[in-house]
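Structure file run.pdb; described as PDB, C-alpha atoms.
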ATOM      1  CA  MET T 138       5.224  20.414 -22.309
ATOM      2  CA  THR T 139       6.107  20.893 -18.640
ATOM      3  CA  LEU T 140       9.011  19.095 -16.979
ATOM      4  CA  THR T 141       6.723  17.020 -14.738
ATOM      5  CA  ARG T 142       4.639  15.980 -17.756
ATOM      6  CA  MET T 143       7.780  14.971 -19.633
ATOM      7  CA  ILE T 144       8.949  12.878 -16.666
ATOM      8  CA  GLY T 145       5.515  11.281 -16.338
ATOM      9  CA  THR T 146       5.394  10.448 -20.046
ATOM     10  CA  ALA T 147       8.904   8.973 -19.961
ATOM     11  CA  CYS T 148       8.095   6.834 -16.904
ATOM     12  CA  SER T 149       4.844   5.609 -18.480
ATOM     13  CA  THR T 150       6.738   4.631 -21.633
ATOM     14  CA  VAL T 151       9.332   2.702 -19.624
ATOM     15  CA  ILE T 152       6.601   0.903 -17.649
ATOM     16  CA  ARG T 153       4.782  -0.045 -20.863
ATOM     17  CA  LEU T 154       7.997  -1.468 -22.331
ATOM     18  CA  ILE T 155       8.664  -3.476 -19.161
ATOM     19  CA  VAL T 156       5.086  -4.807 -19.159
ATOM     20  CA  ARG T 157       5.339  -5.768 -22.834
ATOM     21  CA  ALA T 158       8.643  -7.588 -22.270
ATOM     22  CA  LEU T 159       7.315  -9.456 -19.230
ATOM     23  CA  ALA T 160       4.110 -10.371 -21.074
ATOM     24  CA  LEU T 161       6.155 -11.806 -23.940
ATOM     25  CA  SER T 162       8.271 -13.772 -21.462
ATOM     26  CA  ARG T 163       5.073 -15.510 -20.285
ATOM     27  CA  ILE T 164       6.061 -15.115 -16.629
ATOM     28  CA  HIS T 165       3.071 -15.488 -14.333
ATOM     29  CA  PRO T 166       1.935 -12.248 -12.609
ATOM     30  CA  ASN T 167       1.938 -13.991  -9.214
ATOM     31  CA  VAL T 168       5.636 -14.764  -9.699
ATOM     32  CA  LEU T 169       6.269 -11.049 -10.254
ATOM     33  CA  THR T 170       4.387 -10.291  -7.043
ATOM     34  CA  PHE T 171       6.517 -12.800  -5.146
ATOM     35  CA  ILE T 172       9.755 -11.392  -6.628
ATOM     36  CA  GLY T 173       8.697  -7.983  -5.326
ATOM     37  CA  LEU T 174       8.377  -9.480  -1.847
ATOM     38  CA  VAL T 175      11.857 -11.029  -2.048
ATOM     39  CA  ILE T 176      13.344  -7.687  -3.110
ATOM     40  CA  ASN T 177      11.605  -5.929  -0.215
ATOM     41  CA  ILE T 178      13.079  -8.501   2.173
ATOM     42  CA  VAL T 179      16.528  -7.610   0.809
ATOM     43  CA  ALA T 180      15.683  -3.943   1.476
ATOM     44  CA  ALA T 181      14.615  -4.877   5.013
ATOM     45  CA  VAL T 182      17.992  -6.535   5.634
ATOM     46  CA  LEU T 183      19.725  -3.358   4.417
ATOM     47  CA  LEU T 184      17.557  -1.225   6.693
ATOM     48  CA  GLY T 185      18.408  -3.477   9.615
ATOM     49  CA  ALA T 186      22.102  -2.972   8.846
ATOM     50  CA  GLY T 187      21.665   0.815   8.727
ATOM     51  CA  ARG T 188      22.379   1.041   4.980
ATOM     52  CA  PHE T 189      19.433   3.322   4.345
ATOM     53  CA  GLN T 190      20.382   4.766   0.943
ATOM     54  CA  ALA T 191      21.012   1.339  -0.537
ATOM     55  CA  ALA T 192      17.708   0.175   0.954
ATOM     56  CA  GLY T 193      15.923   3.129  -0.669
ATOM     57  CA  VAL T 194      17.216   2.139  -4.107
ATOM     58  CA  VAL T 195      16.171  -1.484  -3.538
ATOM     59  CA  ILE T 196      12.668  -0.415  -2.414
ATOM     60  CA  ILE T 197      12.324   1.552  -5.661
ATOM     61  CA  SER T 198      13.202  -1.565  -7.669
ATOM     62  CA  ALA T 199      10.662  -3.589  -5.675
ATOM     63  CA  GLY T 200       8.091  -0.903  -6.455
ATOM     64  CA  ILE T 201       8.575  -1.555 -10.176
ATOM     65  CA  PHE T 202       7.399  -5.148  -9.699
ATOM     66  CA  ASP T 203       4.515  -3.863  -7.607
ATOM     67  CA  MET T 204       3.480  -1.554 -10.457
ATOM     68  CA  VAL T 205       3.735  -4.063 -13.286
ATOM     69  CA  ASP T 206       2.283  -7.293 -11.870
ATOM     70  CA  GLY T 207      -1.322  -6.152 -12.282
ATOM     71  CA  ARG T 208      -0.636  -4.662 -15.713
ATOM     72  CA  VAL T 209       0.998  -7.906 -16.876
ATOM     73  CA  ALA T 210      -2.022  -9.856 -15.577
ATOM     74  CA  ARG T 211      -4.355  -7.661 -17.639
ATOM     75  CA  ALA T 212      -2.094  -7.734 -20.705
ATOM     76  CA  THR T 213      -1.922 -11.545 -20.656
ATOM     77  CA  ASN T 214      -5.560 -12.074 -19.640
ATOM     78  CA  GLN T 215      -4.548 -13.692 -16.334
ATOM     79  CA  VAL T 216      -6.606 -11.546 -13.963
ATOM     80  CA  THR T 217      -8.105 -13.812 -11.290
ATOM     81  CA  PRO T 218      -9.746 -13.308  -7.877
ATOM     82  CA  PHE T 219      -6.892 -15.228  -6.255
ATOM     83  CA  GLY T 220      -4.332 -13.001  -7.966
ATOM     84  CA  GLY T 221      -5.842  -9.920  -6.337
ATOM     85  CA  PHE T 222      -5.963 -11.689  -2.969
ATOM     86  CA  PHE T 223      -2.366 -12.905  -3.305
ATOM     87  CA  ASP T 224      -1.134  -9.428  -4.262
ATOM     88  CA  SER T 225      -2.856  -7.887  -1.235
ATOM     89  CA  VAL T 226      -1.413 -10.449   1.195
ATOM     90  CA  VAL T 227       2.108 -10.133  -0.231
ATOM     91  CA  ASP T 228       1.876  -6.333   0.006
ATOM     92  CA  ARG T 229       1.197  -6.645   3.743
ATOM     93  CA  TYR T 230       4.218  -8.930   4.177
ATOM     94  CA  SER T 231       6.381  -6.496   2.199
ATOM     95  CA  ASP T 232       5.295  -3.551   4.347
ATOM     96  CA  LEU T 233       5.893  -5.426   7.581
ATOM     97  CA  ALA T 234       9.278  -6.730   6.419
ATOM     98  CA  LEU T 235      10.530  -3.180   5.799
ATOM     99  CA  LEU T 236       9.331  -2.023   9.197
ATOM    100  CA  MET T 237      10.860  -5.058  10.894
ATOM    101  CA  GLY T 238      14.166  -4.044   9.335
ATOM    102  CA  LEU T 239      13.794  -0.643  11.000
ATOM    103  CA  LEU T 240      12.923  -2.320  14.305
ATOM    104  CA  VAL T 241      16.156  -4.304  14.128
ATOM    105  CA  PHE T 242      18.185  -1.188  13.302
ATOM    106  CA  TYR T 243      16.806   0.977  16.107
ATOM    107  CA  ALA T 244      17.107  -1.869  18.611
ATOM    108  CA  SER T 245      20.750  -2.411  17.583
ATOM    109  CA  ILE T 246      21.641   1.231  18.366
ATOM    110  CA  ASN T 247      19.566   1.297  21.566
ATOM    111  CA  ARG T 248      17.042   3.836  20.289
ATOM    112  CA  TYR T 249      14.111   2.234  22.058
ATOM    113  CA  PHE T 250      11.808   5.204  21.610
ATOM    114  CA  TYR T 251      12.065   4.704  17.845
ATOM    115  CA  VAL T 252      11.501   0.977  18.292
ATOM    116  CA  VAL T 253       8.145   1.872  19.856
ATOM    117  CA  LEU T 254       7.468   4.497  17.162
ATOM    118  CA  THR T 255       8.191   1.945  14.422
ATOM    119  CA  ALA T 256       5.809  -0.481  16.142
ATOM    120  CA  VAL T 257       3.127   2.230  16.099
ATOM    121  CA  VAL T 258       3.780   2.737  12.373
ATOM    122  CA  MET T 259       3.552  -1.016  11.833
ATOM    123  CA  THR T 260       0.201  -1.109  13.611
ATOM    124  CA  ALA T 261      -1.112   1.847  11.613
ATOM    125  CA  SER T 262       0.003   0.264   8.323
ATOM    126  CA  VAL T 263      -1.894  -2.931   9.081
ATOM    127  CA  MET T 264      -4.969  -1.133  10.396
ATOM    128  CA  VAL T 265      -5.269   1.173   7.365
ATOM    129  CA  SER T 266      -5.672  -1.903   5.170
ATOM    130  CA  TYR T 267      -7.782  -3.815   7.687
ATOM    131  CA  THR T 268     -10.305  -1.020   8.237
ATOM    132  CA  ARG T 269     -10.942  -0.735   4.501
ATOM    133  CA  SER T 270     -11.260  -4.501   4.075
ATOM    134  CA  ARG T 271     -13.582  -4.858   7.064
ATOM    135  CA  ALA T 272     -15.599  -1.748   6.207
ATOM    136  CA  GLU T 273     -16.294  -2.996   2.695
ATOM    137  CA  ASN T 274     -18.065  -6.009   4.199
ATOM    138  CA  THR T 275     -20.590  -3.491   5.535
ATOM    139  CA  ILE T 276     -20.623  -0.614   3.044
ATOM    140  CA  PRO T 277     -19.900  -0.585  -0.704
ATOM    141  CA  LEU T 278     -16.600   1.305  -0.643
ATOM    142  CA  CYS T 279     -14.194   2.819   1.901
ATOM    143  CA  LYS T 280     -11.251   4.544   0.228
ATOM    144  CA  VAL T 281     -11.228   7.693   2.343
ATOM    145  CA  GLY T 282      -8.082   8.865   4.082
ATOM    146  CA  PHE T 283      -4.768  10.083   2.750
ATOM    147  CA  LEU T 284      -2.150   7.569   3.797
ATOM    148  CA  GLU T 285      -2.620   4.425   1.727
ATOM    149  CA  ARG T 286       0.179   2.047   0.754
ATOM    150  CA  PRO T 287       1.675   4.020  -2.180
ATOM    151  CA  GLU T 288       2.049   7.104   0.006
ATOM    152  CA  ARG T 289       3.674   5.081   2.797
ATOM    153  CA  ILE T 290       6.166   3.491   0.399
ATOM    154  CA  VAL T 291       7.080   6.859  -1.128
ATOM    155  CA  LEU T 292       7.646   8.287   2.350
ATOM    156  CA  LEU T 293       9.868   5.343   3.314
ATOM    157  CA  ILE T 294      11.896   5.821   0.126
ATOM    158  CA  ILE T 295      12.327   9.534   0.900
ATOM    159  CA  GLY T 296      13.320   8.760   4.482
ATOM    160  CA  ALA T 297      15.870   6.172   3.361
ATOM    161  CA  LEU T 298      17.429   8.139   0.509
ATOM    162  CA  PHE T 299      17.689  11.449   2.353
ATOM    163  CA  ASP T 300      18.396  10.076   5.852
ATOM    164  CA  ARG T 301      15.167  11.480   7.273
ATOM    165  CA  MET T 302      13.658   8.218   8.473
ATOM    166  CA  ALA T 303      12.820   9.472  11.972
ATOM    167  CA  ALA T 304      10.742  12.342  10.589
ATOM    168  CA  VAL T 305       9.068   9.999   8.090
ATOM    169  CA  LEU T 306       8.093   7.589  10.863
ATOM    170  CA  TRP T 307       6.406  10.432  12.742
ATOM    171  CA  VAL T 308       4.463  11.423   9.610
ATOM    172  CA  ILE T 309       3.304   7.860   8.939
ATOM    173  CA  ALA T 310       2.417   7.261  12.588
ATOM    174  CA  VAL T 311       0.246  10.381  12.782
ATOM    175  CA  LEU T 312      -1.340  10.338   9.310
ATOM    176  CA  GLY T 313      -1.725   6.560   9.311
ATOM    177  CA  ASN T 314      -3.732   6.523  12.516
ATOM    178  CA  LEU T 315      -5.730   9.556  11.372
ATOM    179  CA  THR T 316      -6.591   7.597   8.227
ATOM    180  CA  VAL T 317      -7.802   4.698  10.384
ATOM    181  CA  ILE T 318      -9.968   7.055  12.477
ATOM    182  CA  HIS T 319     -11.313   8.719   9.318
ATOM    183  CA  ARG T 320     -12.313   5.337   7.892
ATOM    184  CA  MET T 321     -14.003   4.335  11.136
ATOM    185  CA  ILE T 322     -16.051   7.556  11.185
ATOM    186  CA  PHE T 323     -16.879   7.266   7.478
ATOM    187  CA  THR T 324     -17.989   3.651   7.888
ATOM    188  CA  TRP T 325     -20.174   4.576  10.867
ATOM    189  CA  GLN T 326     -21.793   7.370   8.865
ATOM    190  CA  GLU T 327     -22.372   5.230   5.777
ATOM    191  CA  ALA T 328     -23.633   2.241   7.792
ATOM    192  CA  SER T 329     -26.055   4.517   9.669
ATOM    193  CA  ARG T 330     -27.279   5.961   6.376
ATOM    194  CA  LEU T 331     -27.879   2.490   4.960
ATOM    195  CA  GLU T 332     -29.736   1.412   8.119
ATOM    196  CA  ARG T 333     -32.009   4.474   7.911
ATOM    197  CA  ALA T 334     -32.694   3.732   4.256
ATOM    198  CA  GLN T 335     -33.688   0.153   5.099
ATOM    199  CA  LEU T 336     -35.987   1.257   7.924
ATOM    200  CA  ARG T 337     -37.697   3.925   5.827
ATOM    201  CA  PRO T 338     -41.155   2.682   4.761
ATOM    202  CA  ALA T 339     -41.527   2.005   1.062
ATOM    203  CA  PRO T 340     -43.834   4.408  -0.816
ATOM    204  CA  ALA T 341     -47.356   3.168  -1.317
ATOM    205  CA  ASP T 342     -48.000   1.609  -4.703
ATOM    206  CA  VAL T 343     -50.770   3.709  -6.177
ATOM    207  CA  THR T 344     -52.266   2.275  -9.340
ATOM    208  CA  ARG T 345     -54.254   4.564 -11.536
ATOM    209  CA  LYS T 346     -57.641   3.367 -12.712
TER     210      LYS T 346
END
Please render this file's structure as structure tokens.
Amino acid sequence: MTLTRMIGTACSTVIRLIVRALALSRIHPNVLTFIGLVINIVAAVLLGAGRFQAAGVVIISAGIFDMVDGRVARATNQVTPFGGFFDSVVDRYSDLALLMGLLVFYASINRYFYVVLTAVVMTASVMVSYTRSRAENTIPLCKVGFLERPERIVLLIIGALFDRMAAVLWVIAVLGNLTVIHRMIFTWQEASRLERAQLRPAPADVTRK
């Protein structure tokens, strides 16, 4: 067994144990989602104070709640349409809270270029989610593009833990907006294909005699 497989197996086992314990506690999955938001707000405060490594650890702990809330919902048969909606909305607030913490930090040290860069990242983060949501009102599915939320969170954790936040912001700004453009092009292509299919005349119904 390879090292990465061993780590993956160990992490999966830990997650299953956490899910089982939370399911037995009868805590509602939406409460877990909200706790994740509160923890991310704590991380945002740490980012705003320039305590990046501590913030990275806190973001990891928030990620645990983000990973288990859906699993607990399935394990306790509490999957609902509102639960999915609530999780999506809270995720957006969590993302924006972390980036607002960075805005506060860069403004406090007069690094206004990075204030603007963080604002660009904030815009990209929102638009990546929005383009998928809006596209799927027109086409069946739009999951193209690399930089979805898990990738952004991992990058923020790396930037915080290893003091490489400036480089991480550049990566998210570029790849995030490329993901938005990719989704726009994909949606245009798929919508055009569906329109052509609707305009194509139906084959004549030939009945054998």
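When atom CA of T:Ile201 is paired with atom CA of T:Val227, their separation reads 14.6 Å.
Computed from the coordinates, the atom CA of T:Asn314 to atom CA of T:Ala261 distance equals 5.4 Å.
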Using all atoms listed in the file, find the one residue out of T:Ala272, T:Leu233, T:Val156, T:Leu306 that sits nearest to T:Val253.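 Of T:Ala272, T:Leu233, T:Val156, T:Leu306, the one nearest T:Val253, counting all atoms listed in the file, is T:Leu306.
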Quick one: everything within 12 Å of T:Gly220, counting all atoms listed in the file, minus sequence neighbours fewer than 4 positions away in the same chain. Send it as a ChimeraX atom specification. /T:165-171,206-211,214-216,224-227
Nearest to T:Arg163, chosen from T:Ala212, T:Val194, T:Leu298, T:Val175, with all atoms listed in the file counted in the distances: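 Going through T:Ala212, T:Val194, T:Leu298, T:Val175 one by one, the smallest distance to T:Arg163 is for T:Ala212.
Straight-line separation from atom CA of T:Trp325 to atom CA of T:Gly313: 18.6 Å.
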Once the PyMOL selection byres ((chain T and resi 312) around 10) has been applied to the shown file, what residues remain in the selection, as a ChimeraX atom specification? /T:258,261,282-285,289,306-311,313-318
Please expand the PyMOL selection byres ((chain T and resi 252) around 10) into the concrete residues it hits in this file, giving the result as an mmCIF file with C-alpha atoms, in the coordinates of the input.
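To be explicit, this is the file written out as out.cif:
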data_model
loop_
_atom_site.group_PDB
_atom_site.id
_atom_site.type_symbol
_atom_site.label_atom_id
_atom_site.label_comp_id
_atom_site.auth_asym_id
_atom_site.auth_seq_id
_atom_site.Cartn_x
_atom_site.Cartn_y
_atom_site.Cartn_z
ATOM 1 C CA LEU T 236 9.331 -2.023 9.197
ATOM 2 C CA MET T 237 10.860 -5.058 10.894
ATOM 3 C CA LEU T 239 13.794 -0.643 11.000
ATOM 4 C CA LEU T 240 12.923 -2.320 14.305
ATOM 5 C CA VAL T 241 16.156 -4.304 14.128
ATOM 6 C CA PHE T 242 18.185 -1.188 13.302
ATOM 7 C CA TYR T 243 16.806 0.977 16.107
ATOM 8 C CA ALA T 244 17.107 -1.869 18.611
ATOM 9 C CA SER T 245 20.750 -2.411 17.583
ATOM 10 C CA ASN T 247 19.566 1.297 21.566
ATOM 11 C CA ARG T 248 17.042 3.836 20.289
ATOM 12 C CA TYR T 249 14.111 2.234 22.058
ATOM 13 C CA PHE T 250 11.808 5.204 21.610
ATOM 14 C CA TYR T 251 12.065 4.704 17.845
ATOM 15 C CA VAL T 253 8.145 1.872 19.856
ATOM 16 C CA LEU T 254 7.468 4.497 17.162
ATOM 17 C CA THR T 255 8.191 1.945 14.422
ATOM 18 C CA ALA T 256 5.809 -0.481 16.142
ATOM 19 C CA VAL T 257 3.127 2.230 16.099
ATOM 20 C CA VAL T 258 3.780 2.737 12.373
#
Please list as a PDB file with C-alpha atoms, keeping the file's coordinate frame every residue within 9 Å of T:Ala180, counting all atoms listed in the file and excluding residues in the same chain fewer than 4 positions away.
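Result saved to result-v7.pdb:
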ATOM      1  CA  VAL T 175      11.857 -11.029  -2.048  1.00  0.00           C
ATOM      2  CA  ILE T 176      13.344  -7.687  -3.110  1.00  0.00           C
ATOM      3  CA  LEU T 184      17.557  -1.225   6.693  1.00  0.00           C
ATOM      4  CA  GLY T 185      18.408  -3.477   9.615  1.00  0.00           C
ATOM      5  CA  PHE T 189      19.433   3.322   4.345  1.00  0.00           C
ATOM      6  CA  ALA T 191      21.012   1.339  -0.537  1.00  0.00           C
ATOM      7  CA  ALA T 192      17.708   0.175   0.954  1.00  0.00           C
ATOM      8  CA  GLY T 193      15.923   3.129  -0.669  1.00  0.00           C
ATOM      9  CA  VAL T 194      17.216   2.139  -4.107  1.00  0.00           C
ATOM     10  CA  VAL T 195      16.171  -1.484  -3.538  1.00  0.00           C
ATOM     11  CA  ILE T 196      12.668  -0.415  -2.414  1.00  0.00           C
ATOM     12  CA  ALA T 199      10.662  -3.589  -5.675  1.00  0.00           C
ATOM     13  CA  ALA T 234       9.278  -6.730   6.419  1.00  0.00           C
ATOM     14  CA  LEU T 235      10.530  -3.180   5.799  1.00  0.00           C
ATOM     15  CA  GLY T 238      14.166  -4.044   9.335  1.00  0.00           C
TER      16      GLY T 238
END
I'd like the residues picked by the PyMOL selection byres ((chain T and resi 281) around 9) written out as a list in words, using the chain letters and numbers from the file.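 That selection, the PyMOL selection byres ((chain T and resi 281) around 9), comes back as Arg269, Leu278, Cys279, Lys280, Gly282, Phe283, Thr316, His319, Arg320 and Phe323 of chain T.
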Those same residues, written as an mmCIF file, in the coordinates of the input with C-alpha atoms?
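File written: again-v9.cif
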data_model
loop_
_atom_site.group_PDB
_atom_site.id
_atom_site.type_symbol
_atom_site.label_atom_id
_atom_site.label_comp_id
_atom_site.auth_asym_id
_atom_site.auth_seq_id
_atom_site.Cartn_x
_atom_site.Cartn_y
_atom_site.Cartn_z
ATOM 1 C CA ARG T 269 -10.942 -0.735 4.501
ATOM 2 C CA LEU T 278 -16.600 1.305 -0.643
ATOM 3 C CA CYS T 279 -14.194 2.819 1.901
ATOM 4 C CA LYS T 280 -11.251 4.544 0.228
ATOM 5 C CA GLY T 282 -8.082 8.865 4.082
ATOM 6 C CA PHE T 283 -4.768 10.083 2.750
ATOM 7 C CA THR T 316 -6.591 7.597 8.227
ATOM 8 C CA HIS T 319 -11.313 8.719 9.318
ATOM 9 C CA ARG T 320 -12.313 5.337 7.892
ATOM 10 C CA PHE T 323 -16.879 7.266 7.478
#
Pick the closest to T:Val305 from T:Met264, T:Ile178, T:Leu293, T:Ala186: which is it, counting all atoms listed in the file?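 Distance minimum relative to T:Val305 lands on T:Leu293.
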For T:Gly187, the nearest of the candidates T:Glu288, T:Thr260, T:Asn274, T:Ala297, counting only C-alpha atoms: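 Residue with the minimum atom-to-atom distance to T:Gly187: T:Ala297.
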Residue with smallest distance to T:Glu273 - pool T:Ala328, T:Leu161, T:Ile172, T:Met302, counting all atoms listed in the file: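 Going through T:Ala328, T:Leu161, T:Ile172, T:Met302 one by one, the smallest distance to T:Glu273 is for T:Ala328.
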How would stretch 266-316 of chain T look written as a PDB file, in the first residue's frame with C-alpha atoms?
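The resulting decode-v9.pdb:
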ATOM      1  CA  SER T 266     -20.577  29.678  -8.222  1.00  0.00           C
ATOM      2  CA  TYR T 267     -22.997  32.078  -9.906  1.00  0.00           C
ATOM      3  CA  THR T 268     -22.123  31.033 -13.459  1.00  0.00           C
ATOM      4  CA  ARG T 269     -22.763  27.377 -12.639  1.00  0.00           C
ATOM      5  CA  SER T 270     -26.039  28.151 -10.869  1.00  0.00           C
ATOM      6  CA  ARG T 271     -27.263  30.415 -13.667  1.00  0.00           C
ATOM      7  CA  ALA T 272     -26.033  28.109 -16.433  1.00  0.00           C
ATOM      8  CA  GLU T 273     -27.912  25.148 -14.992  1.00  0.00           C
ATOM      9  CA  ASN T 274     -31.159  27.071 -15.476  1.00  0.00           C
ATOM     10  CA  THR T 275     -30.404  26.832 -19.200  1.00  0.00           C
ATOM     11  CA  ILE T 276     -28.439  23.608 -19.670  1.00  0.00           C
ATOM     12  CA  PRO T 277     -28.503  20.363 -17.660  1.00  0.00           C
ATOM     13  CA  LEU T 278     -25.069  20.615 -16.044  1.00  0.00           C
ATOM     14  CA  CYS T 279     -22.121  23.031 -15.906  1.00  0.00           C
ATOM     15  CA  LYS T 280     -19.259  21.670 -13.810  1.00  0.00           C
ATOM     16  CA  VAL T 281     -16.422  22.566 -16.165  1.00  0.00           C
ATOM     17  CA  GLY T 282     -13.431  24.544 -14.969  1.00  0.00           C
ATOM     18  CA  PHE T 283     -10.719  23.752 -12.468  1.00  0.00           C
ATOM     19  CA  LEU T 284     -11.097  26.184  -9.601  1.00  0.00           C
ATOM     20  CA  GLU T 285     -14.180  25.216  -7.615  1.00  0.00           C
ATOM     21  CA  ARG T 286     -14.615  25.807  -3.887  1.00  0.00           C
ATOM     22  CA  PRO T 287     -12.557  22.856  -2.549  1.00  0.00           C
ATOM     23  CA  GLU T 288      -9.560  23.925  -4.625  1.00  0.00           C
ATOM     24  CA  ARG T 289      -9.881  27.537  -3.453  1.00  0.00           C
ATOM     25  CA  ILE T 290     -10.049  26.493   0.203  1.00  0.00           C
ATOM     26  CA  VAL T 291      -7.012  24.220  -0.146  1.00  0.00           C
ATOM     27  CA  LEU T 292      -5.067  27.059  -1.763  1.00  0.00           C
ATOM     28  CA  LEU T 293      -6.031  29.458   1.040  1.00  0.00           C
ATOM     29  CA  ILE T 294      -4.906  26.899   3.626  1.00  0.00           C
ATOM     30  CA  ILE T 295      -1.559  26.490   1.835  1.00  0.00           C
ATOM     31  CA  GLY T 296      -1.130  30.254   1.592  1.00  0.00           C
ATOM     32  CA  ALA T 297      -1.897  30.717   5.288  1.00  0.00           C
ATOM     33  CA  LEU T 298       0.203  27.858   6.647  1.00  0.00           C
ATOM     34  CA  PHE T 299       3.270  28.514   4.503  1.00  0.00           C
ATOM     35  CA  ASP T 300       3.040  32.329   4.364  1.00  0.00           C
ATOM     36  CA  ARG T 301       2.502  32.359   0.606  1.00  0.00           C
ATOM     37  CA  MET T 302      -0.836  34.152   0.567  1.00  0.00           C
ATOM     38  CA  ALA T 303       0.163  36.719  -2.066  1.00  0.00           C
ATOM     39  CA  ALA T 304       1.093  33.999  -4.556  1.00  0.00           C
ATOM     40  CA  VAL T 305      -2.096  32.078  -3.733  1.00  0.00           C
ATOM     41  CA  LEU T 306      -4.228  35.156  -4.389  1.00  0.00           C
ATOM     42  CA  TRP T 307      -2.656  35.513  -7.833  1.00  0.00           C
ATOM     43  CA  VAL T 308      -3.398  31.851  -8.612  1.00  0.00           C
ATOM     44  CA  ILE T 309      -7.028  32.126  -7.502  1.00  0.00           C
ATOM     45  CA  ALA T 310      -7.532  35.427  -9.319  1.00  0.00           C
ATOM     46  CA  VAL T 311      -6.241  34.039 -12.620  1.00  0.00           C
ATOM     47  CA  LEU T 312      -7.657  30.496 -12.481  1.00  0.00           C
ATOM     48  CA  GLY T 313     -10.924  31.645 -10.923  1.00  0.00           C
ATOM     49  CA  ASN T 314     -11.679  34.079 -13.717  1.00  0.00           C
ATOM     50  CA  LEU T 315     -10.540  31.543 -16.318  1.00  0.00           C
ATOM     51  CA  THR T 316     -13.038  29.108 -14.800  1.00  0.00           C
TER      52      THR T 316
END
